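Undergrad: Pasting work27.tsv here (TSV, C-alpha atoms):
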chain	number	residue	atom	x	y	z
A	585	MET	CA	-60.95	47.12	-72.09
A	586	ASN	CA	-62.22	45.73	-68.81
A	587	ILE	CA	-61.31	47.33	-65.53
A	588	THR	CA	-63.38	47.29	-62.38
A	589	GLN	CA	-64.29	50.45	-60.48
A	590	ASP	CA	-62.16	49.22	-57.53
A	591	ARG	CA	-59.08	48.94	-59.73
A	592	LEU	CA	-59.77	52.30	-61.29
A	593	LYS	CA	-59.91	53.75	-57.76
A	594	ILE	CA	-56.49	52.25	-56.94
A	595	LEU	CA	-55.07	53.64	-60.18
A	596	GLU	CA	-56.46	57.03	-59.18
A	597	ILE	CA	-54.65	56.87	-55.84
A	598	MET	CA	-51.40	55.77	-57.51
A	599	SER	CA	-51.72	58.58	-60.04
A	600	SER	CA	-52.44	61.18	-57.36
A	601	LEU	CA	-49.40	60.18	-55.33
A	602	SER	CA	-47.08	60.26	-58.32
A	603	ILE	CA	-48.52	63.54	-59.61
A	604	ASP	CA	-48.02	65.09	-56.13
A	605	ARG	CA	-44.35	64.14	-56.34
A	606	ALA	CA	-44.08	65.67	-59.81
A	607	SER	CA	-45.85	68.77	-58.57
A	608	ARG	CA	-43.26	69.34	-55.83
A	609	ALA	CA	-40.43	68.89	-58.34
A	610	LEU	CA	-42.09	71.37	-60.66
A	611	SER	CA	-42.39	73.98	-57.87
A	612	LYS	CA	-38.72	73.57	-57.12
A	613	SER	CA	-37.80	73.86	-60.81
A	614	LEU	CA	-39.82	77.03	-61.31
A	615	ARG	CA	-39.08	78.48	-57.87
A	616	THR	CA	-42.72	79.37	-57.43
A	617	GLY	CA	-45.87	77.72	-56.13
A	618	ALA	CA	-46.77	75.25	-58.83
A	619	ARG	CA	-49.45	72.64	-58.36
A	620	ILE	CA	-50.66	69.83	-60.52
A	621	SER	CA	-53.74	68.00	-59.37
A	622	LEU	CA	-55.63	65.07	-60.71
A	623	SER	CA	-58.90	66.13	-62.30
A	624	LYS	CA	-60.15	62.91	-63.83
A	625	ILE	CA	-59.19	59.33	-64.45
A	626	SER	CA	-61.32	57.55	-66.99
A	627	ILE	CA	-61.58	54.94	-69.65
A	628	ALA	CA	-61.92	57.37	-72.51
A	629	ASP	CA	-63.19	56.85	-75.99
A	630	PHE	CA	-60.39	57.55	-78.45
A	631	GLY	CA	-62.66	59.18	-81.04
A	632	GLU	CA	-64.45	61.45	-78.57
A	633	THR	CA	-61.22	62.58	-76.92
A	634	THR	CA	-59.58	63.33	-80.25
A	635	GLU	CA	-62.67	65.30	-81.29
A	636	LYS	CA	-62.43	67.34	-78.08
A	637	MET	CA	-58.74	67.99	-78.73
A	638	ASN	CA	-59.48	69.02	-82.31
A	639	GLU	CA	-61.79	71.74	-81.01
A	640	ASP	CA	-58.79	73.43	-79.40
A	641	GLN	CA	-57.39	75.38	-82.34
A	642	ARG	CA	-54.47	77.00	-80.53
A	643	GLU	CA	-50.84	76.40	-81.37
A	644	MET	CA	-49.36	74.14	-78.72
A	645	ILE	CA	-45.91	73.20	-77.52
A	646	SER	CA	-45.87	69.63	-76.30
A	647	VAL	CA	-43.50	67.15	-74.85
A	648	MET	CA	-44.08	63.43	-75.08
A	649	VAL	CA	-42.20	60.91	-72.96
A	650	ASN	CA	-42.18	57.14	-73.37
A	651	PHE	CA	-41.32	54.95	-70.42
A	652	LYS	CA	-39.47	51.68	-70.70
A	653	GLY	CA	-39.55	48.87	-68.18
A	654	ASN	CA	-42.16	46.37	-67.07
A	655	GLU	CA	-44.88	49.01	-67.00
A	656	GLY	CA	-45.51	50.65	-70.35
A	657	CYS	CA	-46.73	54.22	-70.20
A	658	LYS	CA	-46.69	57.51	-72.07
A	659	LEU	CA	-46.84	61.04	-70.78
A	660	LEU	CA	-48.01	64.02	-72.79
A	661	PHE	CA	-47.57	67.54	-71.47
A	662	MET	CA	-48.97	70.18	-73.79
A	663	LEU	CA	-49.71	73.86	-73.40
A	664	PRO	CA	-50.48	76.89	-75.55
A	665	LEU	CA	-47.62	79.06	-76.73
A	666	GLU	CA	-48.29	81.89	-74.23
A	667	GLY	CA	-48.12	79.46	-71.31
A	668	SER	CA	-44.90	77.96	-72.68
A	669	LEU	CA	-43.30	81.40	-72.70
A	670	ILE	CA	-44.28	81.98	-69.05
A	671	LEU	CA	-42.85	78.59	-68.02
A	672	THR	CA	-39.65	79.31	-69.97
A	673	ASP	CA	-39.17	82.62	-68.15
A	674	LEU	CA	-39.80	81.01	-64.76
A	675	PHE	CA	-37.47	78.12	-65.53
A	676	LEU	CA	-34.69	80.42	-66.71
A	677	ARG	CA	-35.25	82.73	-63.73
A	678	GLN	CA	-36.15	85.64	-66.00
A	679	ARG	CA	-38.81	88.29	-65.58
A	680	ILE	CA	-42.13	87.05	-67.02
A	681	GLY	CA	-42.52	88.63	-70.45
A	682	THR	CA	-38.85	88.27	-71.40
A	683	SER	CA	-39.56	85.40	-73.82
A	684	LYS	CA	-41.49	86.77	-76.78
A	685	GLU	CA	-41.63	83.86	-79.18
A	686	CYS	CA	-41.08	80.13	-79.32
A	687	ASP	CA	-37.38	79.52	-79.88
A	688	VAL	CA	-34.80	76.88	-78.99
A	689	PHE	CA	-34.89	78.01	-75.35
A	690	THR	CA	-38.68	77.60	-75.12
A	691	GLU	CA	-38.51	74.15	-76.67
A	692	SER	CA	-35.61	73.16	-74.45
A	693	ALA	CA	-37.31	74.46	-71.28
A	694	ILE	CA	-40.53	72.57	-72.05
A	695	GLN	CA	-38.47	69.47	-72.93
A	696	GLU	CA	-36.71	69.63	-69.56
A	697	LEU	CA	-39.94	70.26	-67.64
A	698	GLY	CA	-41.42	67.21	-69.35
A	699	ASN	CA	-38.37	65.22	-68.35
A	700	ILE	CA	-38.65	66.35	-64.72
A	701	LEU	CA	-42.39	65.61	-64.56
A	702	ALA	CA	-41.99	62.18	-66.15
A	703	SER	CA	-39.01	61.25	-64.00
A	704	HIS	CA	-40.66	62.19	-60.72
A	705	ILE	CA	-43.88	60.38	-61.64
A	706	SER	CA	-41.83	57.26	-62.36
A	707	ASN	CA	-39.76	57.77	-59.17
A	708	ALA	CA	-42.98	57.66	-57.12
A	709	LEU	CA	-44.35	54.58	-58.90
A	710	VAL	CA	-41.02	52.78	-58.48
A	711	SER	CA	-40.51	53.60	-54.82
A	712	ASP	CA	-44.12	53.26	-53.66
A	713	PHE	CA	-45.41	50.42	-55.83
A	714	ASN	CA	-42.35	48.51	-57.03
A	715	ALA	CA	-43.08	49.45	-60.61
A	716	GLN	CA	-40.27	49.31	-63.13
A	717	LEU	CA	-40.29	52.24	-65.47
A	718	ILE	CA	-37.65	54.63	-66.69
A	719	PRO	CA	-38.43	57.68	-68.81
A	720	GLN	CA	-36.89	57.91	-72.24
A	721	PRO	CA	-35.63	61.13	-73.87
A	722	PRO	CA	-38.51	63.57	-74.30
A	723	GLN	CA	-39.74	64.55	-77.76
A	724	VAL	CA	-40.89	68.14	-78.29
A	725	HIS	CA	-43.52	69.05	-80.88
A	726	ASN	CA	-45.09	72.28	-81.97
A	727	ASP	CA	-48.55	71.77	-83.51
A	728	TYR	CA	-52.31	71.82	-82.85
A	729	ALA	CA	-53.73	69.92	-79.88
A	730	GLY	CA	-55.65	67.40	-82.00
A	731	VAL	CA	-52.62	66.52	-84.15
A	732	ILE	CA	-50.39	66.07	-81.11
A	733	PHE	CA	-52.97	63.94	-79.30
A	734	THR	CA	-53.55	61.76	-82.36
A	735	ASN	CA	-49.79	61.13	-82.58
A	736	LEU	CA	-49.73	60.06	-78.94
A	737	VAL	CA	-52.50	57.55	-79.46
A	738	LEU	CA	-51.01	56.24	-82.71
A	739	GLU	CA	-47.65	55.77	-80.95
A	740	GLN	CA	-49.42	53.90	-78.19
A	741	GLY	CA	-50.35	51.38	-80.86
A	742	MET	CA	-54.07	51.51	-80.38
A	743	ILE	CA	-55.70	48.13	-80.81
A	744	ASP	CA	-58.73	49.22	-78.88
A	745	ASP	CA	-60.97	52.25	-79.28
A	746	LYS	CA	-60.62	53.00	-75.56
A	747	LEU	CA	-57.73	54.26	-73.54
A	748	LEU	CA	-57.04	54.85	-69.88
A	749	LEU	CA	-56.65	58.58	-69.55
A	750	ILE	CA	-55.44	60.53	-66.54
A	751	GLU	CA	-56.16	64.25	-66.81
A	752	THR	CA	-54.81	66.99	-64.56
A	753	ILE	CA	-55.19	70.65	-63.65
A	754	PHE	CA	-52.11	72.81	-63.53
A	755	GLU	CA	-51.75	75.94	-61.38
A	756	ILE	CA	-48.87	78.35	-60.99
A	757	SER	CA	-48.89	80.77	-58.08
A	758	GLY	CA	-52.63	80.30	-57.64
A	759	THR	CA	-53.42	80.98	-61.30
A	760	GLU	CA	-54.75	78.17	-63.39
A	761	LEU	CA	-52.55	77.70	-66.41
A	762	GLU	CA	-54.29	76.07	-69.30
A	763	CYS	CA	-52.46	72.94	-70.22
A	764	TYR	CA	-52.94	69.27	-70.75
A	765	LEU	CA	-51.03	66.62	-68.86
A	766	PHE	CA	-52.06	63.14	-69.90
A	767	LEU	CA	-50.71	59.89	-68.57
A	768	VAL	CA	-51.60	57.00	-70.79
A	769	PRO	CA	-50.62	53.74	-69.11
A	770	GLU	CA	-50.45	50.55	-71.13
A	771	MET	CA	-53.41	48.77	-69.62
A	772	ASN	CA	-52.19	45.16	-69.50
A	773	SER	CA	-48.93	45.99	-67.76
A	774	PHE	CA	-50.71	48.11	-65.15
A	775	VAL	CA	-53.19	45.32	-64.51
A	776	LYS	CA	-50.17	43.07	-63.78
A	777	LEU	CA	-48.78	45.75	-61.47
A	778	LEU	CA	-52.10	45.88	-59.59
A	779	ASP	CA	-52.01	42.08	-59.31
A	780	SER	CA	-48.48	42.21	-57.94
A	781	ILE	CA	-49.46	44.62	-55.17
A	782	GLY	CA	-52.44	42.47	-54.27
A	783	VAL	CA	-55.32	44.38	-55.88
A	784	LYS	CA	-57.18	41.38	-57.24
A	785	THR	CA	-60.75	42.65	-57.45
B	820	MET	CA	-9.09	77.11	-62.59
B	821	LYS	CA	-10.76	73.68	-62.85
B	822	LYS	CA	-12.33	72.90	-66.23
B	823	ILE	CA	-15.71	71.18	-66.41
B	824	LEU	CA	-17.41	69.41	-69.33
B	825	VAL	CA	-21.20	69.78	-69.14
B	826	VAL	CA	-23.26	66.96	-70.70
B	827	ASP	CA	-27.05	67.26	-71.03
B	828	ASP	CA	-29.44	67.02	-73.97
B	829	ALA	CA	-31.37	70.08	-72.76
B	830	LYS	CA	-29.76	73.33	-73.85
B	831	VAL	CA	-31.37	75.22	-70.95
B	832	ILE	CA	-29.85	72.86	-68.38
B	833	ARG	CA	-26.39	73.23	-69.94
B	834	MET	CA	-26.89	76.98	-69.74
B	835	ILE	CA	-28.00	76.90	-66.09
B	836	ILE	CA	-25.09	74.64	-65.06
B	837	ARG	CA	-22.68	76.85	-66.99
B	838	GLN	CA	-23.96	79.93	-65.13
B	839	ILE	CA	-23.81	78.27	-61.70
B	840	LEU	CA	-20.31	76.88	-62.16
B	841	THR	CA	-18.74	79.97	-63.72
B	842	ARG	CA	-20.20	82.10	-60.90
B	843	ASN	CA	-18.45	79.79	-58.48
B	844	GLY	CA	-14.98	79.91	-59.97
B	845	PHE	CA	-15.02	77.04	-62.47
B	846	GLU	CA	-14.32	77.19	-66.17
B	847	ILE	CA	-16.57	75.41	-68.67
B	848	ALA	CA	-14.32	73.36	-70.96
B	849	GLY	CA	-17.18	72.49	-73.31
B	850	GLU	CA	-20.66	71.03	-73.70
B	851	ALA	CA	-22.10	67.82	-75.12
B	852	GLY	CA	-25.66	66.63	-75.84
B	853	ASN	CA	-25.29	62.88	-75.36
B	854	GLY	CA	-22.94	60.15	-74.14
B	855	ARG	CA	-21.13	59.72	-77.44
B	856	GLU	CA	-20.38	63.42	-77.81
B	857	ALA	CA	-19.30	63.43	-74.17
B	858	LEU	CA	-16.55	60.88	-74.82
B	859	GLU	CA	-15.37	62.74	-77.93
B	860	LYS	CA	-15.23	66.04	-76.04
B	861	TYR	CA	-13.55	64.37	-73.07
B	862	LYS	CA	-10.75	63.06	-75.28
B	863	GLU	CA	-10.40	66.39	-77.01
B	864	LEU	CA	-10.66	68.76	-74.03
B	865	ARG	CA	-9.38	66.63	-71.11
B	866	PRO	CA	-11.55	68.40	-68.51
B	867	ASP	CA	-10.94	68.07	-64.76
B	868	ALA	CA	-14.53	66.89	-64.21
B	869	VAL	CA	-17.75	66.09	-66.06
B	870	THR	CA	-21.41	66.69	-65.18
B	871	MET	CA	-23.42	63.97	-66.93
B	872	ASP	CA	-27.20	63.74	-67.46
B	873	ILE	CA	-28.58	60.18	-67.68
B	874	VAL	CA	-31.63	60.25	-69.97
B	875	MET	CA	-30.27	61.43	-73.33
B	876	PRO	CA	-30.88	60.39	-76.94
B	877	GLU	CA	-28.56	58.00	-78.86
B	878	VAL	CA	-26.07	57.21	-76.09
B	879	ASP	CA	-27.32	57.72	-72.55
B	880	GLY	CA	-25.37	59.03	-69.57
B	881	ILE	CA	-24.65	55.65	-67.97
B	882	GLN	CA	-23.04	54.43	-71.19
B	883	GLY	CA	-21.23	57.76	-71.52
B	884	LEU	CA	-19.92	57.33	-67.97
B	885	LYS	CA	-18.71	53.77	-68.69
B	886	GLU	CA	-16.88	54.87	-71.84
B	887	ILE	CA	-15.21	57.85	-70.19
B	888	ILE	CA	-14.07	55.72	-67.23
B	889	ALA	CA	-12.81	53.03	-69.66
B	890	PHE	CA	-10.75	55.71	-71.38
B	891	ASP	CA	-9.55	57.37	-68.16
B	892	LYS	CA	-9.89	55.51	-64.86
B	893	GLN	CA	-9.19	58.73	-62.98
B	894	ALA	CA	-12.07	60.63	-64.64
B	895	LYS	CA	-14.35	62.49	-62.24
B	896	VAL	CA	-17.97	62.28	-63.36
B	897	VAL	CA	-20.96	63.68	-61.45
B	898	MET	CA	-24.29	62.26	-62.62
B	899	ILE	CA	-27.15	64.76	-62.76
B	900	SER	CA	-30.61	63.34	-63.33
B	901	ALA	CA	-34.27	63.70	-62.44
B	902	ILE	CA	-34.34	59.91	-62.01
B	903	ASP	CA	-34.17	59.35	-58.27
B	904	GLN	CA	-34.25	55.55	-58.25
B	905	ARG	CA	-32.05	53.09	-56.41
B	906	ASP	CA	-31.10	51.09	-59.53
B	907	SER	CA	-29.95	54.16	-61.40
B	908	LEU	CA	-27.92	55.41	-58.44
B	909	VAL	CA	-26.31	52.00	-57.81
B	910	GLU	CA	-25.47	51.51	-61.49
B	911	SER	CA	-23.88	54.96	-61.67
B	912	LEU	CA	-21.75	54.39	-58.58
B	913	ARG	CA	-20.80	50.88	-59.73
B	914	HIS	CA	-19.45	52.30	-62.96
B	915	GLY	CA	-17.37	54.93	-61.22
B	916	ALA	CA	-19.54	58.04	-60.79
B	917	ALA	CA	-18.15	60.40	-58.16
B	918	ASP	CA	-21.55	61.77	-57.08
B	919	TYR	CA	-25.23	61.82	-58.05
B	920	VAL	CA	-27.29	65.02	-58.03
B	921	VAL	CA	-31.07	64.86	-58.45
B	922	LYS	CA	-32.85	67.44	-60.65
B	923	PRO	CA	-34.24	69.91	-59.89
B	924	PHE	CA	-31.24	70.89	-57.78
B	925	GLU	CA	-30.26	73.88	-55.67
B	926	ASP	CA	-27.21	75.79	-56.89
B	927	ASP	CA	-25.35	74.95	-53.66
B	928	ARG	CA	-25.84	71.22	-54.16
B	929	MET	CA	-24.35	71.36	-57.65
B	930	VAL	CA	-21.37	73.44	-56.54
B	931	ALA	CA	-20.77	71.22	-53.49
B	932	ALA	CA	-20.76	68.10	-55.68
B	933	ILE	CA	-18.03	69.53	-57.90
B	934	LYS	CA	-16.00	71.00	-55.04
B	935	ASN	CA	-16.15	67.70	-53.13
B	936	ILE	CA	-14.55	65.87	-56.04
B	937	PHE	CA	-11.49	68.06	-55.92
B	938	ALA	CA	-11.37	68.09	-52.11
B	939	LYS	CA	-11.47	64.28	-52.18
B	940	LYS	CA	-8.81	64.17	-54.86
B	941	GLN	CA	-6.57	66.40	-52.75
B	942	GLU	CA	-7.14	64.23	-49.65
B	943	ASP	CA	-6.27	61.12	-51.66
B	944	THR	CA	-3.06	62.75	-52.86
B	945	VAL	CA	-2.09	63.82	-49.33
B	946	GLY	CA	-3.03	60.36	-48.02
B	947	SER	CA	-0.88	58.59	-50.58
B	948	ARG	CA	2.14	60.73	-49.65
B	949	GLN	CA	1.88	59.83	-45.94
Would you kindly transcribe this structure into structure tokens?

TA:
Amino acid sequence: MNITQDRLKILEIMSSLSIDRASRALSKSLRTGARISLSKISIADFGETTEKMNEDQREMISVMVNFKGNEGCKLLFMLPLEGSLILTDLFLRQRIGTSKECDVFTESAIQELGNILASHISNALVSDFNAQLIPQPPQVHNDYAGVIFTNLVLEQGMIDDKLLLIETIFEISGTELECYLFLVPEMNSFVKLLDSIGVKT
Amino acid sequence: MKKILVVDDAKVIRMIIRQILTRNGFEIAGEAGNGREALEKYKELRPDAVTMDIVMPEVDGIQGLKEIIAFDKQAKVVMISAIDQRDSLVESLRHGAADYVVKPFEDDRMVAAIKNIFAKKQEDTVGSRQ
């Protein structure tokens, strides 16, 4: 996978702008100060990243969203069970601590939050960069981080041992909530998008 | 009391819309999780209006809208989606949607969208009598 540092920088700016938009939508959904910020954009080694994910032995609730359109992309939002329960309570406007275990409401709340995040990221890319991508129905999974991440990469149809990975930090009301939000763009289509907006370097 | 059919694949969203609308004097006729179920429920329950999500599994909301309008040209369907893109809005309106509400929404926006449908319907009726 070949991508110049200049192009990676542009992808970082595009990602930041779209994640900002998703962050505002998330705050509105949860009715509290929620902030997602970009922590790292990198060409990651599939094996190393999976190994890192495998070290996290906690049970996770995840939502995966595929995008259709000219720009192929996948989003994975994944957080430990305790965090999922907090988000469920906030989303349902309940006192934190009301949700005690993962049930259909937890899965549905995380599914909808994934949908809102994915939709607002695509809204930003469409309006600001003329991308064409529409999120598909989210898929919710309950498993270990490594298993979920491996599924994401397998679905992406890995033909390379590298992937473009966009990692984020997630805060709610000033408290960092441990979670993973990965955007995995399909490299060739995003290179075409960069070409179309004049980033030729 | 006006009866509303709520269509969304997320159970929590159906629950939130149900709560908002019942608090504001509407009755929930039923719920559906995709566009196909929406048409079936529409035929069965004959609601006064429908709230319709767009991104749903099997049959999406745009197709659901088309099929409901094909069955009943007078159907009142409000699209509710996190997709805030021109193409999606234009396609919805072209196929007969009465309004388009972007998620996440304020309660007032949702209620206003439904109330406006009936206000408009009443105006049309008065207008056609004059």

Undergrad: What is the CA of Ser611 (chain A)-CA of Lys684 (chain A) distance in Å, reported with one decimal?

TA: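 The value is 22.8 Å.
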
Undergrad: What does the distance from CA of Ala857 (chain B) to CA of Val647 (chain A) come to in Å, to one decimal?

TA: 24.5 Å

Undergrad: Using only C-alpha atoms, which protein or nucleic acid residues come within 8 Å of region 618-627 of chain A? Drop anything in the same chain fewer than 5 positions from it, and give the result as a PyMOL selection string.

TA: chain A and resi 592+596+599-600+603-604+606-608+610-611+746-758

Undergrad: Smallest atom-to-atom distance to Asp629 (chain A): which of A:Ile781, A:Val737, A:Leu614, A:Val688, using only C-alpha atoms?

TA: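 When distances to Asp629 (chain A) are compared using only C-alpha atoms, the smallest one comes from A:Val737.
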
Undergrad: Once you count all atoms listed in the file, which residues of chain A turn out to be within 8 Å of chain B? Could you give them as an mmCIF file with C-alpha atoms, keeping the file's coordinate frame?

TA:
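And here is the file that came out, part_5.cif:
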data_model
loop_
_atom_site.group_PDB
_atom_site.id
_atom_site.type_symbol
_atom_site.label_atom_id
_atom_site.label_comp_id
_atom_site.auth_asym_id
_atom_site.auth_seq_id
_atom_site.Cartn_x
_atom_site.Cartn_y
_atom_site.Cartn_z
ATOM 1 C CA ALA A 609 -40.430 68.890 -58.340
ATOM 2 C CA LYS A 612 -38.720 73.570 -57.120
ATOM 3 C CA SER A 613 -37.800 73.860 -60.810
ATOM 4 C CA LEU A 676 -34.690 80.420 -66.710
ATOM 5 C CA PHE A 689 -34.890 78.010 -75.350
ATOM 6 C CA SER A 692 -35.610 73.160 -74.450
ATOM 7 C CA ALA A 693 -37.310 74.460 -71.280
ATOM 8 C CA GLN A 695 -38.470 69.470 -72.930
ATOM 9 C CA GLU A 696 -36.710 69.630 -69.560
ATOM 10 C CA ASN A 699 -38.370 65.220 -68.350
ATOM 11 C CA ILE A 700 -38.650 66.350 -64.720
ATOM 12 C CA SER A 703 -39.010 61.250 -64.000
ATOM 13 C CA HIS A 704 -40.660 62.190 -60.720
ATOM 14 C CA SER A 706 -41.830 57.260 -62.360
ATOM 15 C CA ASN A 707 -39.760 57.770 -59.170
ATOM 16 C CA VAL A 710 -41.020 52.780 -58.480
ATOM 17 C CA SER A 711 -40.510 53.600 -54.820
ATOM 18 C CA ILE A 718 -37.650 54.630 -66.690
ATOM 19 C CA PRO A 719 -38.430 57.680 -68.810
ATOM 20 C CA GLN A 720 -36.890 57.910 -72.240
ATOM 21 C CA PRO A 721 -35.630 61.130 -73.870
#

Undergrad: Hey, can you check how far CA of Arg842 (chain B) sits from CA of Thr672 (chain A)?

TA: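 Those two atoms sit 21.6 Å apart.
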
Undergrad: Pick the closest to Asp906 (chain B) from B:Ile887, B:Leu858, B:Ala894, B:Ile881: which is it, counting all atoms listed in the file?

TA: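 Between B:Ile887, B:Leu858, B:Ala894, B:Ile881, the residue approaching Asp906 (chain B) most closely is B:Ile881.
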
Undergrad: Mind checking which residues fall within 8 Å of Gly849 (chain B), counting only C-alpha atoms, ignoring those fewer than 3 positions away in the same chain, and posting them as JSON, numbers by chain?

TA: {"B": [823, 824, 825, 860, 864]}

Undergrad: Would you mind telling me which residue in A:Asp779, A:Asp673, A:Glu632, A:Glu639 lies nearest to Asn714 (chain A) when using all atoms listed in the file?

TA: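 When distances to Asn714 (chain A) are compared using all atoms listed in the file, the smallest one comes from A:Asp779.
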